[in-house]
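Engineer: Below are the structure tokens for one structure; questions will follow.
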Amino acid sequence: MEENSIQNYIKELLENTPSMWLNLTTHRLDIYDESLAKSQFLGQFEELFNNKNTSISALQKLPTAYDYIRLGHPLSCILEWSIAKLNRLKSENVISFSSQTIPVLAILRTNLLAHKKTQILYTGTLPSFFDADVLQRVYGYQFELKQIENTTAIAQFDGSTVFIAQQNELSLFELHKNCDFVIHNYGELGSVLAINGPQNDVYISDIQHVRRRETIAMTPANTVTGLKRLIGHAASETKTTDYKANKTLVLETIQKITGTNTTPLVGSSGLSIQYAIMMGLVHDALDTHPGKAIKIIVPPNCYGGTNDQARRVAACLENVEVVDLLVDGAHDMVQSIELVLHAIAKEDAVPFIIAEIPTNPRVEVPDLLKLKAALSATRKTQSGKTAIDPVFILDQTFCPNVLFLGEDEILSSVRTISYVSGSKFPSGGKCTAGYCVGNKKTDALMEKIALHLKICDNEATALQMEFLAKQLPSMNQRIKEAYLNTRAFVSYIQKTLPEAKINFVSEALASQGFTPSVFSLDLPTKGTTDAEREEYKRRLNHQLINLMITEIPNESKYCVSYGQLKGVYWTIPATSTQGTTKEGDKDYIARVALSPNMDLPLHKKVFSDFVASIS
């Protein structure tokens with residue numbers, strides 16, 4: 001009876017799905033409670049289910065499920081809830097992925113750190129990209145891999161038992177008493193993981209964090225297809241346009257934008273592509289410099305996903321260590337690189353540097369000639385041998401139009417890989433994809449990165465490639481127009497509230513091509529103690545954002561993204577993009593991202609009202 005009730009409800013829901021659920025790439029933070037991620041959404045959703053309410057207005061009022069679309073969204077939550085209900089599981093025990101490999105890797109990671117054994121069982125064949133040798137040698141994961149005829153052959157095991165099944169339809173999970181985790185792979189849709197037994201509930205948070213940092217949830221479009229399969233409507237699936245043609249156009253456009261000739265790689269998100277870069281470089285270091293320590297050099301206050309991911313990789317591998325790189329404010333990136341590389345050279349270690357240019361959130365650009373010199377310098381080990389040259393991993397998401405890697409460009413002679421979050425400018429907020437390119441000196445590295453993108457099954461989906469094919473050709477023009485709006489708004493703020501500190505590129509840097517459309521705003525404060533001043537400033541941040549999103553609800557949103565096609569996004573890095581950053585390195589300032597299509601006069605007026613309210 002309940003099965004019919006669920007299927008009938010999902011059928012009606014799919015007919016009334018709010019359009020924003022399918023088009024989301026960034027979430028509203030004003031209706032999000034991080035401590036109640038997913039549960040708050042599902043709690044209110046279940047009330048609608050119990051009342052048989054599928055009205056669009058009711059569905060639109062549901063709170064934000066997660067702070068990042070790649071981590072989860074309304075449709076992925078509903079798919080997981082539906083599968084959980086049908087299998088008599090708690091909703092948090094069902095987790096969907098765009099990748100078929102990552103759910104296995106998530107379990108292996110937790111067991112590696114817990115020194116717990118794992119056996120992976122499967123019927124038929126595993127996906128061709130499941131490379132057991134690389135997972136054991138490069139990722140450090142240990143497991144037994146066994147093919148079985150059927151689930152009746154599953155015996156007790158001293159550790160975790162993972163069963164993988166290839167499925168066409170979203171059917172019931174066969175939750176054998178001796179099986180801890182069941183993973184159903186659904187080809188291009190991705191996979192769904194069911195966590196079996198209360199003794200395994202401790203894995204839920206760790207697995208969710210892997211989905212947050214190394215991959216993405218099943219995409220909204222693929223989740224809709226999954227829900228249709230769940231109610232037996234697979235024949236009504238819509239097909240995307242020609243994947244091969246879209247991919248060709250995307251790769252050619254990226255080469256044109258970046259001025260490079262190497263083949264770009266496109267992943268399911270910026271962090272997906274970054275994870276492939278990290279593991280590809282670790283793989284190359286193990287092959288090229290066996291036995292040597294690997295140092296991942298990363299700014300402690302950069303985007304939280306970047307910072308956290310680097311430390312997560314290091315936590316799994318004994319020979320990998322994270323080294324802080326101070327780049328913002330009173331710290332000069334080039335000087336910091338000089339000091340760090342000198343120390344690492346003495347250790348005869350392998351250096352990988354991750355840096356954002358411009359930096360986030362303070363939008364600073366180092367002296368590029370000095371940067372090139374620092375990265376190109378020949379250094380000596382303690383024994384007098386030539387030290388290993390660094391690989392520079394450049395996050396240029398703020399300014400993807402700047403040429404760094406092409407022939408005769410500033411970093412063409414330094415081993416450099418550049419990557420961009422495709423949910424920003426490249427797609428205009430239409431999807432969560434990401435891409436990377438390398439210069440001629442990184443051909444071998446790019447081969448390794450491509451391998452790990454495939455092993456993790458983190459390549460861009462067909463629909464993501466379609467969005468990029470439509471949006472990438474206009475990206476540079478959109479960047480130019482958005483910058484003009486941003487410069488005008490920054491100038492207005494400087495005139496209206498001169499006591500505020502604004503972090504934005506200078507006119508001189510803009511003339512060199514650094515034309516971001518995001519700036520950070522450090523509001524003036526007051527109080528007799530540092531604590532009082534900090535508390536007052538933080539209240540002002542929220543007061544400003546609340547005023548903007550209330551007075552201009554159709555354009556101003558409390559979101560973490562930028563590079564969007566229209567409107568303005570506001571956020572506070574310390575409570576969003578820097579979520580896992582150490583408290584002392586967080587930035588409690590407002591970050592503002594503008595688009596080429598917005599009502600600039602209205603935003604100026606509301607900001608003027610804000611200034612009047614605090615004067």
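Residue numbers start at 1 in each chain; chains themselves are named A, B, ... in the order of the structure tokens; ligands are numbered from 1 in the order shown.
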Give me, as JSON lines, the closest atom pair and its distance (Å, one decimal) for every residue of region 205-224 of chain A within a cut-off of 10 Å of region 275-282 of chain A, counting only C-alpha atoms, rows sorted by chain and rising number.

Structural biologist:
{"residue": "A:Arg213", "atom": "CA", "partner": "A:Tyr275", "partner_atom": "CA", "distance": 8.3}
{"residue": "A:Glu214", "atom": "CA", "partner": "A:Tyr275", "partner_atom": "CA", "distance": 5.9}
{"residue": "A:Thr215", "atom": "CA", "partner": "A:Tyr275", "partner_atom": "CA", "distance": 8.3}

Engineer: Can I get the residues of region 238-297 of chain A within 6 Å of region 459-474 of chain A, each with the closest pair of atoms and their distance in Å to one decimal, using only C-alpha atoms, sorted chain first then ascending number, as a Markdown table?

Structural biologist:
| residue | atom | partner | partner_atom | distance |
| --- | --- | --- | --- | --- |
| A:Tyr243 | CA | A:Ala462 | CA | 5.6 |
| A:Asn246 | CA | A:Ala469 | CA | 5.5 |
| A:Val250 | CA | A:Ala469 | CA | 5.2 |
| A:Val266 | CA | A:Ala460 | CA | 5.7 |
| A:Gly267 | CA | A:Glu459 | CA | 4.1 |
| A:Ser268 | CA | A:Ala460 | CA | 4.1 |

Engineer: For Ser561 (chain A), which residue out of A:Pro74, A:Gly190, A:Pro573, A:Pro390 is the nearest one, using only C-alpha atoms?

Structural biologist: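 Among A:Pro74, A:Gly190, A:Pro573, A:Pro390, it is A:Pro573 that comes nearest to Ser561 (chain A).
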
Engineer: Would you please work out which residue, of A:Leu113, A:Ile357, A:Leu341, A:Leu71, is nearest to Gly305 (chain A) when using only C-alpha atoms?

Structural biologist: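 Among the listed residues, the smallest separation from Gly305 (chain A) belongs to A:Leu71.
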
Engineer: Closest to Met598 (chain A) among A:Trp21, A:Ile545, A:Arg533, A:Asn485, using only C-alpha atoms?

Structural biologist: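 So, comparing all the options, the nearest one is A:Asn485.
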
Engineer: For Asp284 (chain A), which residue among A:Leu405, A:Val138, A:Ala245, A:Leu371 is the nearest when counting only C-alpha atoms?

Structural biologist: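 Nearest candidate to Asp284 (chain A) out of A:Leu405, A:Val138, A:Ala245, A:Leu371: A:Val138.
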
Engineer: Between A:Leu403, A:Ile31, A:Arg109, A:Thr496, which residue has the minimum interatomic distance to Tyr139 (chain A), considering only C-alpha atoms?

Structural biologist: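 Answer, going by the shortest atom-to-atom distance: A:Arg109.
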
Engineer: Could you pull the residues within 7 Å of Asn196 (chain A), counting only C-alpha atoms, minus those fewer than 3 positions along the same chain, as a PyMOL selection string?

Structural biologist: chain A and resi 175+180-181+200

Engineer: Which distance in Å separates CA of Ile572 (chain A) and CA of Ala488 (chain A), to one decimal?

Structural biologist: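 About the pair CA of Ile572 (chain A) and CA of Ala488 (chain A): they are 21.5 Å apart.
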
Engineer: Could you tell me which of A:Lys11, A:His289, A:Lys448, A:Arg538 comes closest to Leu227 (chain A) if we count only C-alpha atoms?

Structural biologist: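 The shortest atom-to-atom distance to Leu227 (chain A) comes from A:Lys11.
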
Engineer: Please extract the residues of region 99-240 of chain A with a backbone DSSP assignment of alpha helix (DSSP H) and present them as number ranges by chain.

Structural biologist: A: 102-114, 132-137, 204-214, 220-230

Engineer: Just give me the gap between CA of Ser556 (chain A) and CA of Val606 (chain A) in Å, one decimal is fine.

Structural biologist: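 So the two atoms, CA of Ser556 (chain A) and CA of Val606 (chain A), lie 10.9 Å apart.
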
Engineer: Would you please give, as a list in words, all residues of region 467-607 of chain A that DSSP assigns to strand (DSSP E or B) based on the backbone?

Structural biologist: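 Answer for region 467-607 of chain A, restricted to strand (DSSP E or B): Lys501, Ile502, Asn503, Val518, Phe519, Ser520, Leu521, Asp522, Ser556, Lys557, Tyr558, Val568, Tyr569, Trp570, Thr571, Ala590, Arg591, Val592, Ala593 and Leu594 of chain A.
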
Engineer: Between CA of Val505 (chain A) and CA of Val402 (chain A), what is the spacing in Å?

Structural biologist: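 Spanning CA of Val402 (chain A) to CA of Val505 (chain A) is a straight-line distance of 13.6 Å.
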
Engineer: Tell me, as an MDAnalysis selection string, which residues lie within 10 Å of Ser383 (chain A), counting only C-alpha atoms; anything in the same chain fewer than 4 positions away does not count.

Structural biologist: chainID A and resid 346:348 387

Engineer: Can you list, as a list in words, every protein, DNA or RNA residue that comes within 7 Å of Tyr122 (chain A) when you count only C-alpha atoms, leaving out same-chain residues fewer than 5 positions away?

Structural biologist: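 Answer for this query is Lys146, Gln147, Ile148, Phe163, Ile164 and Ala165 of chain A.
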
Engineer: Could you take the residues named above and write them with N, CA, C and O atoms, as an mmCIF file, in the first residue's frame?

Structural biologist:
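Okay, selection_20.cif is ready:
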data_model
loop_
_atom_site.group_PDB
_atom_site.id
_atom_site.type_symbol
_atom_site.label_atom_id
_atom_site.label_comp_id
_atom_site.auth_asym_id
_atom_site.auth_seq_id
_atom_site.Cartn_x
_atom_site.Cartn_y
_atom_site.Cartn_z
ATOM 1 N N LYS A 146 36.041 -9.572 -4.920
ATOM 2 C CA LYS A 146 35.547 -10.913 -5.237
ATOM 3 C C LYS A 146 34.304 -10.845 -6.121
ATOM 4 O O LYS A 146 33.384 -10.070 -5.850
ATOM 5 N N GLN A 147 34.286 -11.686 -7.131
ATOM 6 C CA GLN A 147 33.089 -11.849 -7.951
ATOM 7 C C GLN A 147 32.274 -13.007 -7.388
ATOM 8 O O GLN A 147 32.820 -14.066 -7.076
ATOM 9 N N ILE A 148 30.972 -12.816 -7.233
ATOM 10 C CA ILE A 148 30.107 -13.865 -6.704
ATOM 11 C C ILE A 148 28.961 -14.118 -7.682
ATOM 12 O O ILE A 148 28.649 -13.273 -8.534
ATOM 13 N N PHE A 163 28.622 -4.566 -1.488
ATOM 14 C CA PHE A 163 28.117 -5.300 -2.658
ATOM 15 C C PHE A 163 27.734 -4.304 -3.745
ATOM 16 O O PHE A 163 26.975 -3.365 -3.503
ATOM 17 N N ILE A 164 28.281 -4.505 -4.944
ATOM 18 C CA ILE A 164 28.018 -3.622 -6.084
ATOM 19 C C ILE A 164 27.204 -4.369 -7.124
ATOM 20 O O ILE A 164 27.563 -5.496 -7.512
ATOM 21 N N ALA A 165 26.123 -3.755 -7.574
ATOM 22 C CA ALA A 165 25.279 -4.378 -8.602
ATOM 23 C C ALA A 165 25.012 -3.378 -9.719
ATOM 24 O O ALA A 165 24.749 -2.204 -9.462
#
